[in-house]
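> Before anything else, here's the structure in question.
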Amino acid sequence: MSEWLYPIAIEVNGTQHASHVTARTSLVDWLREHLHLTGTHIGCEHGICGACSVMLDGEPVRSCLMYAVQADGHRITTVEGLQRPDGSLSVLQDSFCETHGLQCGYCTPGMLIAAQALLNTNPRPTEAEIRNAIGGNLCRCTGYQQIVDAIALAARRMAEGAT
Amino acid sequence: MKSPPFEYARAASIEEACELLSQHGDAAKVIAGGQSLVPMLAFRLLRPSWLIDINEIVALKFVALDTDAVRMGACTRQCVVARDDALAARVPLLRQALAYVGHTQTRNRGTIGGSLVHADPSAELPLVAQILGAQLVLRAKSGTRTLPASAFFAGPMMTNVHADECLEEIHWPVWREHKTGSAFTEISRRHGDFAIAAAAAQIAVNDDGHCTRVTFGVGGGAPTPIAFPELAQSLVGQRMDQAKARAVAHEAAAALEPDSDIHASAAYRRHLAGVLVTRVLQQAYAAARAVQ
């Protein structure tokens, strides 16, 4: 059966992308397979694990739980969009390295998106606020403590003027 | 784990959504936040021919604070409602319940109306709608009608919404009694998971500490969330204490028809419901008494 293709135009990490997709193409599949932005990971593919988190108009959402066609006209930020303009690691990404906030790395893009979205609106979060912000993201390696440490470290560094 | 094929229409207005629903009827599903619908498609539990997207309908996203009710558009995001201090002062149960609904990422996308129409018997917002007696405004091409929550929920994942209707507005009653308190609690295996059992209560008291108005209910214990108006009425005129809360909770739990599944036996769910109702009755009463 051939499926109808829908035209979409989505801003991803500051760049406009026009494309045609089937209605059932999930946003994460479109990002990975059409734009080859494979930083966003597919974990459970039904909204439980948080690995596929991206920002939709600045707010973190699960990209497996929306269709690419629904993002038409909207603005998406993926983990690739978090780096500095020169391609080096952001303060938050560097803090994850510093505190060993990742091991296998599978959950890391989702963790980074959730954490960056938190810091964007709440630059000095409490530990409880950090844990709440990443409460929808599963990690099977770290036990979460180093991830919480990484986000707290990034908040401190940014408060001290790091950009 | 990929959705089956469907055709997609982004409705620009509620009129357009209703027109599409009148054309496609049973073959179409309305998609709001999609936080439950998309997994159901991915699991192939549903195979609609059409998805009618109401996310871009601005008129379905609003919160209006009237004197006797808070009105909101069906597509109002859960995160917007959870953040609204003025709303939380009028219908505190909404914020209290939303703390248990999913996670930041799902609340950013999930909608109030979507949770109600999905009608999961253990879900939080349907329970709040049931115990407060929310009014649900349904829109079809032919006109609108309003159902109270008690006539809206029909069974597990089932409502009395017709195939050509779209939930348009929800009206949450505001209690005018000054000394009003409420409480919501639930037990789930992990935060954000489906509740094994949930309970909610809202109580108004007079200056002497006697209950003047009581409502409470249980989620996860029956095919729909269930309120107990007669038992609640029996507390009116009384001061709450642990023995009274426990006695009423015990009667409520006895009236439930919980299911057994891999997470909990029916007997455990019933026991849990009794414990949770005891807690919310005492907490809501204490909160009402604490109002200055």
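Here, A, B, ... name the chains of the structure tokens in the order displayed, residue numbers run from 1 inside each chain, and ligands are numbered from 1 in the same displayed order.
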Name all residues at most 7 Å from region 172-187 of chain B (count only C-alpha atoms; drop same-chain ones fewer than 4 positions away) and give them as a PyMOL selection string.
chain B and resi 68-71+90-93+96-97+132+134-135+195-206+276+280+283-285+287-289+291
> Taking only C-alpha atoms into account, report as a PyMOL selection string which residues of chain B lie within 9 Å of chain A.
chain B and resi 1-8+10+33-40+42-43+51+53+55+102-109+191-192
> With N, CA and C atoms retained, write the just-selected residues as a tab-separated table (two decimals), in the first residue's frame.

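Below you can see out06.tsv, which holds the result:
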```tsv
chain	number	residue	atom	x	y	z
B	1	MET	N	6.44	-1.71	16.63
B	1	MET	CA	6.43	-0.51	17.46
B	1	MET	C	6.30	0.76	16.62
B	2	LYS	N	6.01	0.58	15.34
B	2	LYS	CA	5.70	1.75	14.50
B	2	LYS	C	4.19	1.80	14.32
B	3	SER	N	3.66	3.01	14.20
B	3	SER	CA	2.22	3.15	14.02
B	3	SER	C	1.79	2.58	12.68
B	4	PRO	N	0.56	2.04	12.61
B	4	PRO	CA	0.03	1.61	11.30
B	4	PRO	C	-0.26	2.83	10.44
B	5	PRO	N	-0.44	2.65	9.14
B	5	PRO	CA	-0.70	3.80	8.27
B	5	PRO	C	-2.03	4.49	8.60
B	6	PHE	N	-2.04	5.79	8.46
B	6	PHE	CA	-3.29	6.55	8.60
B	6	PHE	C	-3.13	7.84	7.80
B	7	GLU	N	-4.24	8.50	7.56
B	7	GLU	CA	-4.18	9.82	6.93
B	7	GLU	C	-4.35	10.88	8.00
B	8	TYR	N	-3.78	12.03	7.75
B	8	TYR	CA	-3.65	13.07	8.78
B	8	TYR	C	-4.30	14.36	8.32
B	10	ARG	N	-4.81	18.32	9.89
B	10	ARG	CA	-4.60	19.29	10.97
B	10	ARG	C	-5.76	20.28	10.92
B	33	GLY	N	-2.68	15.64	22.78
B	33	GLY	CA	-1.27	15.51	23.14
B	33	GLY	C	-0.63	14.22	22.63
B	34	GLY	N	-1.45	13.20	22.44
B	34	GLY	CA	-0.94	11.95	21.88
B	34	GLY	C	-0.14	11.09	22.85
B	35	GLN	N	-0.09	11.47	24.13
B	35	GLN	CA	0.79	10.76	25.05
B	35	GLN	C	0.27	9.36	25.40
B	36	SER	N	-1.00	9.12	25.20
B	36	SER	CA	-1.55	7.77	25.32
B	36	SER	C	-1.92	7.20	23.96
B	37	LEU	N	-2.41	8.06	23.07
B	37	LEU	CA	-2.89	7.57	21.76
B	37	LEU	C	-1.73	7.04	20.90
B	38	VAL	N	-0.60	7.75	20.89
B	38	VAL	CA	0.51	7.30	20.02
B	38	VAL	C	1.04	5.93	20.47
B	39	PRO	N	1.25	5.68	21.78
B	39	PRO	CA	1.63	4.31	22.15
B	39	PRO	C	0.58	3.28	21.75
B	40	MET	N	-0.71	3.63	21.85
B	40	MET	CA	-1.75	2.66	21.47
B	40	MET	C	-1.66	2.34	19.98
B	42	ALA	N	1.18	2.57	18.27
B	42	ALA	CA	2.44	1.84	18.10
B	42	ALA	C	2.26	0.37	18.50
B	43	PHE	N	1.44	0.13	19.51
B	43	PHE	CA	1.16	-1.25	19.92
B	43	PHE	C	0.10	-1.90	19.02
B	51	LEU	N	-6.29	10.50	11.50
B	51	LEU	CA	-6.05	11.23	12.75
B	51	LEU	C	-6.37	12.69	12.49
B	53	ASP	N	-5.92	16.21	13.98
B	53	ASP	CA	-5.04	16.86	14.94
B	53	ASP	C	-5.66	18.18	15.40
B	55	ASN	N	-4.20	20.03	17.86
B	55	ASN	CA	-3.16	20.76	18.61
B	55	ASN	C	-2.99	22.21	18.20
B	102	GLY	N	2.39	11.38	34.77
B	102	GLY	CA	3.56	11.30	33.89
B	102	GLY	C	4.75	12.08	34.41
B	103	HIS	N	5.44	12.74	33.48
B	103	HIS	CA	6.68	13.44	33.77
B	103	HIS	C	6.67	14.78	33.05
B	104	THR	N	7.70	15.58	33.31
B	104	THR	CA	7.79	16.90	32.67
B	104	THR	C	7.55	16.81	31.17
B	105	GLN	N	8.24	15.88	30.51
B	105	GLN	CA	8.14	15.81	29.05
B	105	GLN	C	6.75	15.44	28.57
B	106	THR	N	6.06	14.57	29.32
B	106	THR	CA	4.71	14.19	28.88
B	106	THR	C	3.69	15.26	29.25
B	107	ARG	N	3.91	15.96	30.38
B	107	ARG	CA	2.97	17.03	30.76
B	107	ARG	C	3.10	18.24	29.84
B	108	ASN	N	4.28	18.41	29.23
B	108	ASN	CA	4.45	19.51	28.28
B	108	ASN	C	3.61	19.32	27.03
B	109	ARG	N	3.28	18.11	26.73
B	109	ARG	CA	2.55	17.79	25.51
B	109	ARG	C	1.13	17.32	25.81
B	191	HIS	N	7.18	6.51	40.21
B	191	HIS	CA	6.50	7.78	39.98
B	191	HIS	C	6.18	7.92	38.49
B	192	GLY	N	4.95	8.32	38.20
B	192	GLY	CA	4.56	8.52	36.80
B	192	GLY	C	3.93	7.29	36.18
```
> From a backbone DSSP assignment, name each residue in region 108-222 of chain B labelled strand (DSSP E), as a PyMOL selection string.
chain B and resi 135-140+143-148+153-155+158-159+166-173+180-187+197-205+211-219
> With only C-alpha atoms as the counted atoms, please give the residues lying no more than 10 Å from His34 (chain A), apart from itself and same-chain residues fewer than 3 positions off, as a list in words.
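Listing them by chain and then by number gives His17, Ser19, His20, Val21, Val28, Asp29, Trp30, Leu31, Leu37 and Thr38 of chain A.
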> Write out as an NGL selection string which residues come within 10 Å of His118 (chain B) when counting only C-alpha atoms, dropping same-chain ones fewer than 5 positions away.
:B and (36-37 or 113 or 123 or 126 or 153 or 156-159)
> Write the residues you've just listed into a file as a JSON list (two decimals), in the first residue's frame, and include C-alpha atoms for each of them.

```
[["chain", "number", "residue", "atom", "x", "y", "z"],
["B", 36, "SER", "CA", -1.55, 7.77, 25.32],
["B", 37, "LEU", "CA", -2.89, 7.57, 21.76],
["B", 113, "GLY", "CA", -9.08, 16.95, 27.65],
["B", 123, "ALA", "CA", -5.86, 7.95, 35.68],
["B", 126, "PRO", "CA", -10.77, 11.53, 35.46],
["B", 153, "PHE", "CA", -17.23, 7.91, 31.81],
["B", 156, "PRO", "CA", -12.37, 1.31, 31.08],
["B", 157, "MET", "CA", -11.08, 3.54, 28.23],
["B", 158, "MET", "CA", -14.71, 4.17, 27.28],
["B", 159, "THR", "CA", -16.76, 7.35, 27.32]]
```
> Just the number, please: distance in Å from CA of Pro229 (chain B) to CA of Thr215 (chain B), one decimal.
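CA of Pro229 (chain B) sits 6.5 Å away from CA of Thr215 (chain B).
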> If you run DSSP on the backbone here, which positions in region 212-263 of chain B get helix (DSSP H, G or I)? Please write them as a PyMOL selection string.
chain B and resi 229-233+242-254
> Write the selection just made, keeping C-alpha atoms, as a PDB file, in the first residue's frame?

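Heads up, here's the output in part_11.pdb:
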```pdb
ATOM      1  CA  PRO B 229     -21.726  10.834  47.359  1.00  0.00           C
ATOM      2  CA  GLU B 230     -23.812   9.037  50.032  1.00  0.00           C
ATOM      3  CA  LEU B 231     -20.801   8.158  52.163  1.00  0.00           C
ATOM      4  CA  ALA B 232     -19.476  11.693  51.718  1.00  0.00           C
ATOM      5  CA  GLN B 233     -22.842  13.097  52.826  1.00  0.00           C
ATOM      6  CA  GLN B 242      -9.163   8.916  62.122  1.00  0.00           C
ATOM      7  CA  ALA B 243     -11.899   6.511  63.237  1.00  0.00           C
ATOM      8  CA  LYS B 244     -14.562   8.224  61.118  1.00  0.00           C
ATOM      9  CA  ALA B 245     -12.260   8.472  58.111  1.00  0.00           C
ATOM     10  CA  ARG B 246     -11.369   4.809  58.463  1.00  0.00           C
ATOM     11  CA  ALA B 247     -14.978   3.677  58.820  1.00  0.00           C
ATOM     12  CA  VAL B 248     -16.083   5.566  55.705  1.00  0.00           C
ATOM     13  CA  ALA B 249     -13.026   4.422  53.771  1.00  0.00           C
ATOM     14  CA  HIS B 250     -13.739   0.830  54.728  1.00  0.00           C
ATOM     15  CA  GLU B 251     -17.283   1.078  53.373  1.00  0.00           C
ATOM     16  CA  ALA B 252     -16.045   2.698  50.177  1.00  0.00           C
ATOM     17  CA  ALA B 253     -13.412   0.006  49.652  1.00  0.00           C
ATOM     18  CA  ALA B 254     -16.029  -2.704  50.168  1.00  0.00           C
TER      19      ALA B 254
END
```
> Just the residues within 10 Å of region 141-154 of chain A, please, counting only C-alpha atoms, with nothing from its chain fewer than 4 positions along; format it as JSON, numbers by chain.
{"A": [90, 91, 92, 93, 94, 95, 96, 97, 98, 99, 100, 101, 102, 103, 104, 105, 106, 107, 108, 111, 112, 115, 116, 118, 119, 123, 124, 125, 126, 127, 128, 129, 130, 131, 134, 135, 137, 158, 159, 160, 162, 163]}
> Please, could you write that set of residues out with N, CA and C atoms as a short mmCIF file (atom, residue, chain, number, x, y, z; two decimals), in the first residue's frame?

```
data_model
loop_
_atom_site.label_atom_id
_atom_site.label_comp_id
_atom_site.auth_asym_id
_atom_site.auth_seq_id
_atom_site.Cartn_x
_atom_site.Cartn_y
_atom_site.Cartn_z
N SER A 90 29.14 21.92 25.33
CA SER A 90 28.52 22.97 26.15
C SER A 90 28.94 22.79 27.61
N VAL A 91 28.63 23.78 28.43
CA VAL A 91 28.95 23.69 29.87
C VAL A 91 28.31 22.44 30.46
N LEU A 92 27.07 22.20 30.09
CA LEU A 92 26.36 21.03 30.64
C LEU A 92 27.00 19.73 30.15
N GLN A 93 27.29 19.65 28.87
CA GLN A 93 27.91 18.43 28.32
C GLN A 93 29.26 18.18 28.99
N ASP A 94 30.05 19.24 29.15
CA ASP A 94 31.36 19.09 29.78
C ASP A 94 31.21 18.64 31.23
N SER A 95 30.15 19.13 31.89
CA SER A 95 29.92 18.72 33.28
C SER A 95 29.59 17.24 33.38
N PHE A 96 28.86 16.71 32.40
CA PHE A 96 28.58 15.26 32.37
C PHE A 96 29.90 14.48 32.28
N CYS A 97 30.86 14.96 31.47
CA CYS A 97 32.18 14.29 31.39
C CYS A 97 32.88 14.38 32.74
N GLU A 98 32.83 15.55 33.33
CA GLU A 98 33.57 15.83 34.56
C GLU A 98 33.13 14.91 35.71
N THR A 99 31.82 14.70 35.84
CA THR A 99 31.32 13.93 36.99
C THR A 99 31.05 12.46 36.62
N HIS A 100 31.45 12.04 35.44
CA HIS A 100 31.11 10.69 34.96
C HIS A 100 29.60 10.50 34.95
N GLY A 101 28.91 11.46 34.36
CA GLY A 101 27.45 11.42 34.31
C GLY A 101 26.91 10.49 33.24
N LEU A 102 27.78 9.69 32.61
CA LEU A 102 27.30 8.73 31.64
C LEU A 102 28.25 7.54 31.62
N GLN A 103 27.68 6.40 31.23
CA GLN A 103 28.54 5.23 31.02
C GLN A 103 28.31 4.71 29.62
N CYS A 104 27.19 4.03 29.37
CA CYS A 104 26.98 3.54 28.00
C CYS A 104 26.56 4.66 27.06
N GLY A 105 25.96 5.70 27.60
CA GLY A 105 25.62 6.87 26.79
C GLY A 105 24.27 6.83 26.12
N TYR A 106 23.53 5.74 26.31
CA TYR A 106 22.28 5.63 25.56
C TYR A 106 21.25 6.66 26.02
N CYS A 107 21.18 6.89 27.32
CA CYS A 107 20.16 7.83 27.84
C CYS A 107 20.63 9.27 27.76
N THR A 108 21.95 9.46 27.50
CA THR A 108 22.56 10.78 27.67
C THR A 108 21.92 11.90 26.84
N MET A 111 18.85 12.90 28.65
CA MET A 111 19.20 13.54 29.92
C MET A 111 19.67 14.98 29.68
N LEU A 112 20.50 15.16 28.65
CA LEU A 112 21.02 16.50 28.36
C LEU A 112 19.90 17.46 27.98
N ALA A 115 17.88 18.23 31.11
CA ALA A 115 18.65 19.07 32.03
C ALA A 115 18.81 20.49 31.48
N GLN A 116 19.08 20.60 30.18
CA GLN A 116 19.25 21.93 29.59
C GLN A 116 17.94 22.72 29.65
N LEU A 118 15.70 22.40 31.91
CA LEU A 118 15.57 22.84 33.30
C LEU A 118 16.39 24.10 33.54
N LEU A 119 17.69 24.04 33.15
CA LEU A 119 18.59 25.17 33.43
C LEU A 119 18.17 26.43 32.67
N PRO A 123 17.90 28.51 36.52
CA PRO A 123 19.36 28.41 36.49
C PRO A 123 19.98 27.91 37.79
N ARG A 124 19.23 27.99 38.90
CA ARG A 124 19.79 27.51 40.17
C ARG A 124 18.86 26.48 40.80
N PRO A 125 18.71 25.33 40.19
CA PRO A 125 17.76 24.34 40.71
C PRO A 125 18.25 23.67 41.98
N THR A 126 17.31 23.28 42.83
CA THR A 126 17.65 22.45 43.99
C THR A 126 17.84 21.01 43.51
N GLU A 127 18.39 20.19 44.40
CA GLU A 127 18.57 18.78 44.01
C GLU A 127 17.22 18.14 43.69
N ALA A 128 16.20 18.49 44.48
CA ALA A 128 14.87 17.91 44.23
C ALA A 128 14.35 18.34 42.86
N GLU A 129 14.59 19.59 42.50
CA GLU A 129 14.13 20.07 41.19
C GLU A 129 14.88 19.37 40.06
N ILE A 130 16.17 19.11 40.28
CA ILE A 130 16.94 18.38 39.27
C ILE A 130 16.38 16.96 39.11
N ARG A 131 16.16 16.31 40.23
CA ARG A 131 15.65 14.92 40.17
C ARG A 131 14.27 14.88 39.52
N ILE A 134 14.56 15.22 35.62
CA ILE A 134 15.02 14.03 34.88
C ILE A 134 14.22 12.79 35.30
N GLY A 135 13.10 13.02 36.00
CA GLY A 135 12.30 11.90 36.50
C GLY A 135 11.69 11.05 35.40
N ASN A 137 13.32 10.19 32.65
CA ASN A 137 14.43 9.66 31.84
C ASN A 137 15.07 8.50 32.58
N MET A 158 27.70 27.87 35.39
CA MET A 158 27.01 28.95 34.67
C MET A 158 26.80 30.15 35.58
N ALA A 159 26.53 29.87 36.87
CA ALA A 159 26.36 30.99 37.82
C ALA A 159 27.66 31.76 37.96
N GLU A 160 28.78 31.06 37.76
CA GLU A 160 30.09 31.72 37.85
C GLU A 160 30.49 32.35 36.52
N ALA A 162 30.35 30.83 33.29
CA ALA A 162 30.69 29.97 32.14
C ALA A 162 29.56 30.01 31.11
N THR A 163 29.91 30.00 29.84
CA THR A 163 28.89 30.00 28.78
C THR A 163 29.17 28.89 27.78
#
```
> How far is it from CA of Leu235 (chain B) to CA of Arg279 (chain B), in Å with one decimal?
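Computing the Euclidean distance for CA of Leu235 (chain B) and CA of Arg279 (chain B) yields 14.9 Å.
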> Go through A:Pro85, A:His74, A:Gly110, A:Val79 and flag the residue nearest Cys139 (chain A), using only C-alpha atoms for the distances.
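Nearest to Cys139 (chain A): A:Gly110.
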> So how far away is CA of Gly25 (chain B) from CA of Ala9 (chain B), in Å?
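Interatomic distance here is 13.8 Å.
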